[in-house]
Structures are given as C-alpha cells and as structure tokens.
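The structure file my_file_32.txt is reproduced below (compact mmCIF, C-alpha atoms and all ligand atoms).
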```
# COMPACT_ATOMS: atom_id res chain seq x y z
CA MET A 1 13.73 51.66 50.33
CA SER A 2 13.31 49.48 47.34
CA MET A 3 13.92 46.08 45.94
CA ASN A 4 17.56 47.03 45.79
CA HIS A 5 17.83 46.43 49.48
CA ILE A 6 17.47 42.74 48.96
CA GLN A 7 19.71 42.53 45.97
CA PHE A 8 22.37 39.93 46.37
CA GLN A 9 26.05 40.51 46.04
CA PRO A 10 27.40 39.78 42.57
CA GLY A 11 28.78 36.32 42.17
CA LEU A 12 26.83 34.87 45.07
CA SER A 13 26.97 31.15 44.47
CA MET A 14 23.89 28.98 44.61
CA PRO A 15 25.02 27.15 47.77
CA GLU A 16 25.72 30.51 49.42
CA PHE A 17 22.33 31.78 48.35
CA ILE A 18 20.57 28.71 49.71
CA GLN A 19 22.45 29.06 52.95
CA GLN A 20 21.37 32.66 53.36
CA TYR A 21 17.88 32.65 51.86
CA GLY A 22 16.88 29.02 51.70
CA THR A 23 14.10 29.14 54.25
CA GLU A 24 10.92 31.17 54.52
CA ALA A 25 12.09 32.57 57.86
CA GLN A 26 15.34 33.82 56.35
CA CYS A 27 13.49 35.52 53.53
CA GLU A 28 11.00 37.07 55.96
CA LYS A 29 13.86 38.41 58.02
CA ALA A 30 15.54 39.93 54.97
CA LEU A 31 12.31 41.52 53.81
CA VAL A 32 11.52 42.93 57.25
CA LYS A 33 14.97 44.47 57.34
CA ALA A 34 14.49 45.94 53.88
CA ARG A 35 11.14 47.45 54.78
CA TRP A 36 11.90 48.60 58.29
CA PRO A 37 15.65 48.95 58.80
CA GLN A 38 15.04 50.58 62.21
CA GLY A 39 12.43 48.03 63.22
CA PHE A 40 8.71 47.96 62.52
CA CYS A 41 6.87 51.24 62.66
CA CYS A 42 3.11 51.45 62.16
CA PRO A 43 2.36 52.99 58.74
CA LYS A 44 -0.83 54.48 60.13
CA CYS A 45 0.23 56.07 63.42
CA SER A 46 4.02 55.59 63.51
CA HIS A 47 3.86 53.70 66.81
CA GLU A 48 6.64 51.16 67.20
CA GLY A 49 5.13 48.78 69.74
CA HIS A 50 3.60 45.83 67.98
CA CYS A 51 2.64 42.21 67.99
CA VAL A 52 3.85 39.74 65.43
CA LEU A 53 1.35 37.22 64.16
CA TYR A 54 0.60 35.13 61.15
CA SER A 55 -2.43 35.85 59.05
CA LYS A 56 -2.99 33.64 56.04
CA LYS A 57 0.46 32.25 56.67
CA ARG A 58 1.99 35.65 56.17
CA LEU A 59 4.05 37.43 58.76
CA THR A 60 1.90 40.31 59.94
CA PHE A 61 2.47 43.12 62.40
CA GLN A 62 -0.25 44.52 64.57
CA CYS A 63 0.23 47.96 66.06
CA ASN A 64 -0.27 48.07 69.83
CA ALA A 65 -1.65 51.60 69.65
CA CYS A 66 -4.15 51.60 66.78
CA HIS A 67 -4.32 47.84 66.07
CA GLN A 68 -3.68 48.38 62.40
CA GLN A 69 -2.43 45.18 60.85
CA THR A 70 0.31 45.31 58.29
CA SER A 71 1.33 42.24 56.38
CA LEU A 72 4.96 41.93 55.51
CA ILE A 73 4.09 41.83 51.83
CA ALA A 74 1.14 44.23 51.85
CA GLY A 75 1.76 47.21 49.66
CA THR A 76 4.83 45.60 48.18
CA LEU A 77 5.41 44.07 44.85
CA LEU A 78 4.69 40.73 46.42
CA GLN A 79 1.24 41.68 47.62
CA GLY A 80 -1.35 39.05 46.84
CA THR A 81 1.13 36.35 45.99
CA ASN A 82 0.47 32.82 47.17
CA LEU A 83 4.00 31.73 46.45
CA PRO A 84 6.49 31.25 49.24
CA LEU A 85 8.96 34.10 49.70
CA THR A 86 11.70 31.59 48.98
CA THR A 87 10.40 31.24 45.42
CA TRP A 88 10.43 35.01 44.96
CA PHE A 89 13.90 35.34 46.38
CA LEU A 90 15.09 32.60 44.10
CA ALA A 91 13.55 34.42 41.15
CA ILE A 92 15.29 37.65 42.20
CA TYR A 93 18.50 35.71 42.51
CA PHE A 94 18.25 34.21 39.04
CA ILE A 95 17.27 37.51 37.44
CA SER A 96 19.94 39.51 39.24
CA GLN A 97 22.63 37.01 38.34
CA ALA A 98 21.66 36.79 34.68
CA LYS A 99 23.73 39.37 32.88
CA THR A 100 21.69 39.36 29.71
CA GLY A 101 18.27 39.06 31.24
CA LEU A 102 16.27 35.96 31.90
CA SER A 103 13.26 34.82 29.93
CA ALA A 104 10.03 33.84 31.58
CA LEU A 105 10.51 30.41 30.11
CA ALA A 106 13.88 30.02 31.79
CA LEU A 107 12.40 31.25 35.05
CA LYS A 108 9.60 28.71 34.74
CA ARG A 109 12.16 25.92 34.36
CA HIS A 110 14.34 27.18 37.20
CA LEU A 111 11.51 27.65 39.68
CA GLY A 112 9.18 24.84 38.72
CA VAL A 113 6.21 27.18 38.45
CA SER A 114 3.69 27.56 35.65
CA TYR A 115 4.50 29.75 32.67
CA PRO A 116 1.90 32.43 33.52
CA THR A 117 3.29 32.59 37.06
CA ALA A 118 6.85 32.83 35.80
CA TRP A 119 5.84 35.50 33.31
CA LEU A 120 4.13 37.56 36.00
CA MET A 121 7.07 37.24 38.38
CA GLN A 122 9.53 38.20 35.70
CA HIS A 123 7.38 41.12 34.64
CA LYS A 124 7.02 42.46 38.17
CA LEU A 125 10.65 42.01 39.13
CA MET A 126 12.02 43.48 35.94
CA GLN A 127 9.72 46.43 36.34
CA ALA A 128 10.78 46.96 39.94
CA MET A 129 14.42 46.75 39.04
CA ALA A 130 13.97 49.10 36.11
CA GLU A 131 12.03 51.69 38.01
CA ARG A 132 14.30 51.76 41.05
CA GLU A 133 11.79 53.98 42.58
CA ASP A 134 11.59 54.43 46.31
CA HIS A 135 8.38 53.15 47.79
CA TYR A 136 7.37 51.34 44.65
CA LEU A 137 7.86 48.10 46.45
CA LEU A 138 7.55 49.11 50.01
CA SER A 139 4.74 51.42 50.84
CA GLY A 140 1.24 51.32 52.06
CA SER A 141 -0.70 48.74 53.95
CA VAL A 142 -3.92 46.86 53.76
CA GLN A 143 -6.44 45.82 56.34
CA MET A 144 -6.35 42.12 56.95
CA ASP A 145 -9.56 40.25 57.46
CA ASP A 146 -10.38 38.25 60.54
CA ALA A 147 -9.23 34.89 59.30
CA TYR A 148 -6.26 34.19 61.47
CA LEU A 149 -4.43 30.98 61.29
CA GLY A 150 -3.01 31.32 64.72
CA GLY A 151 0.43 32.27 65.83
CA GLU A 152 3.73 30.58 65.92
CA HIS A 153 6.18 30.65 68.72
CA SER A 154 9.52 32.25 68.27
CA GLY A 155 12.07 33.86 70.48
CA GLY A 156 10.37 37.15 71.20
CA LYS A 157 12.33 39.06 73.82
CA ALA A 158 9.49 39.88 76.14
CA GLY A 159 7.93 36.48 75.87
CA HIS A 160 4.55 35.69 74.47
CA GLY A 161 1.56 37.82 75.09
CA ARG A 162 -1.93 38.23 73.81
CA CYS A 163 -3.10 41.02 71.62
CA ALA A 164 -6.38 42.84 71.88
CA LYS A 165 -8.21 40.10 70.04
CA ASP A 166 -8.52 36.78 71.76
CA ASP A 167 -7.85 34.79 68.66
CA LEU A 168 -4.55 36.49 68.06
CA VAL A 169 -1.45 34.95 69.47
CA CYS A 170 1.59 37.12 69.68
CA VAL A 171 4.84 35.53 68.72
CA GLY A 172 6.95 38.50 69.58
CA TYR A 173 6.44 41.64 71.53
CA ARG A 174 8.08 44.97 71.55
CA GLN A 175 7.12 48.07 73.48
ZN ZN B 201 -0.65 52.21 64.69
```

Can you dump the structure from the file as structure tokens?
Ligand SMILES: [Zn+2]
Amino acid sequence: MSMNHIQFQPGLSMPEFIQQYGTEAQCEKALVKARWPQGFCCPKCSHEGHCVLYSKKRLTFQCNACHQQTSLIAGTLLQGTNLPLTTWFLAIYFISQAKTGLSALALKRHLGVSYPTAWLMQHKLMQAMAEREDHYLLSGSVQMDDAYLGGEHSGGKAGHGRCAKDDLVCVGYRQ
C-alpha cells in the first residue's frame, strides 16, 4: 500500500475531482480504502471488530479486542497535519496532474495556504511519490490521548453502540 493507491486517473478534470473528492468524508473514505482494502484491521492485534470515532476531528478506529486507537492518518505521511484531507487531496491532484512538477509557490497559490505549509506539503508528497515504497505512507499507529471531541452519527450497519469508555460514541460498529 502506498500513496499510489489514491492517485487519480490521468486527465481527471477539476469538476470530476471535486465531485469525487470534494468533501472530507469522501477523502476519508478513499484513504480508509487505501489503508485497509479489506476493511480495518487492528495494527496491534489484527482484530477486525472495531468502533469508529472522532478524536481531534480525525476519523479514528478503536479495536474492540485491545482498545488500541488508530487514527486514519496516524503513521501516514499526513500524520500531525491540521489541514483538512480535502486540502491534501487537492495538493496530490495538482502535483499528479502537473507533468513538469509543481513549485511550492504554485501550490501555495492553488491551495490558499501559507508558503511554508505549501513547501512542506510539496516536499512530503514529492518524496512519497519518488520513493514509492510500501508502508512509507501507511504503517504504524500512535496512541491517541483522552481528548475526544465526541462522535458523529453515520450509517453504521449494526447501529450505534458505546465503546469501553463512556465518553466514546461509536458511529459505526463491526464485529
Ligand atoms: Zn487490537
């Protein structure tokens, strides 16, 4: 698994891109699929049953067996970013569509972010694309702290349940 899994088809137009990756939820879904094509699997104990919650606004999975929490972006190239996934996807789009490379300055203008931010994004993405190394982007996990922002409701198949911790609200459930 690598960044290549969320590369966009060549010639994808901007309206098509926006339609497919214009919202945070769409980007989350694409990233989940890139990381766990067969569905989430706990990186610590390989258990598949999990709760879905939001910690610091980030989609996070909590293992039902060992309670390990794995953020969608933890251990990835995007770890630690405060930017929306949509901004990252847009950056990937611009960079992947630019045949002769894209300067940090151009990225700054396209994304409306600061120059240091654009530089960092460009640097990370170019590196990831150059390395094409499995698990560069998608490996590992970090422990989340206890600052939960609460859950959101979505169409989890088995309905909403509560995890081990009272302040965690499951938004999806899978056994
Ligand atoms: Zn586990």

Please compute the CA of Phe94 (chain A)-CA of Ser71 (chain A) distance, one decimal, in Å. 25.5 Å

At most 10 Å from ligand ZN 201 (chain B) (only C-alpha atoms and all ligand atoms): residue list as a PyMOL selection string: chain A and resi 41-50+61-70

Could you write out that same residue set with C-alpha atoms as an mmCIF file, keeping the file's coordinate frame?
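Okay, again-v3.cif is ready:
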```cif
data_model
loop_
_atom_site.group_PDB
_atom_site.id
_atom_site.type_symbol
_atom_site.label_atom_id
_atom_site.label_comp_id
_atom_site.auth_asym_id
_atom_site.auth_seq_id
_atom_site.Cartn_x
_atom_site.Cartn_y
_atom_site.Cartn_z
ATOM 1 C CA CYS A 41 6.870 51.240 62.660
ATOM 2 C CA CYS A 42 3.110 51.450 62.160
ATOM 3 C CA PRO A 43 2.360 52.990 58.740
ATOM 4 C CA LYS A 44 -0.830 54.480 60.130
ATOM 5 C CA CYS A 45 0.230 56.070 63.420
ATOM 6 C CA SER A 46 4.020 55.590 63.510
ATOM 7 C CA HIS A 47 3.860 53.700 66.810
ATOM 8 C CA GLU A 48 6.640 51.160 67.200
ATOM 9 C CA GLY A 49 5.130 48.780 69.740
ATOM 10 C CA HIS A 50 3.600 45.830 67.980
ATOM 11 C CA PHE A 61 2.470 43.120 62.400
ATOM 12 C CA GLN A 62 -0.250 44.520 64.570
ATOM 13 C CA CYS A 63 0.230 47.960 66.060
ATOM 14 C CA ASN A 64 -0.270 48.070 69.830
ATOM 15 C CA ALA A 65 -1.650 51.600 69.650
ATOM 16 C CA CYS A 66 -4.150 51.600 66.780
ATOM 17 C CA HIS A 67 -4.320 47.840 66.070
ATOM 18 C CA GLN A 68 -3.680 48.380 62.400
ATOM 19 C CA GLN A 69 -2.430 45.180 60.850
ATOM 20 C CA THR A 70 0.310 45.310 58.290
#
```

Find the smallest box with edges along x, y and z containing every listed atom of region 47-52 of chain A, then add 8 Å on each side and report centre and edge lengths in Å to one decimal, as lines of an AutoDock Vina configuration file.
```
center_x = 4.6
center_y = 46.7
center_z = 67.6
size_x = 20.0
size_y = 30.0
size_z = 20.3
```

Which of A:Gln20, A:Ser55, A:Gln26, A:Gln127 sits closest to Ile95 (chain A) [using only C-alpha atoms]: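 Closest to Ile95 (chain A), using only C-alpha atoms: A:Gln127.
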
Between CA of Ala30 (chain A) and CA of Ile92 (chain A), measure the distance and give it in Å to one decimal. 13.0 Å

Give me, please, the distance in Å between CA of Thr76 (chain A) and CA of Pro15 (chain A), quoted to one decimal.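 Going from CA of Thr76 (chain A) over to CA of Pro15 (chain A), I get 27.4 Å.
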
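Shortest separation to Pro116 (chain A) among A:Gly75, A:Leu90, A:Lys57, A:Ala104 occurs at residue A:Ala104, atoms counted being only C-alpha atoms.
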
Please tell me which residues are no farther than 6 Å from (9.9, 26.3, 43.7) in the file, counting all atoms listed in the file, and write them as a list in words.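 Within the cut-off we find Thr87, Leu111 and Gly112 of chain A.
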
Residue nearest Gln79 (chain A) - candidates A:Lys29, A:Lys124, A:Gly11, A:Gly101, atoms counted: all atoms listed in the file: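 Smallest distance to Gln79 (chain A) is found for A:Lys124.
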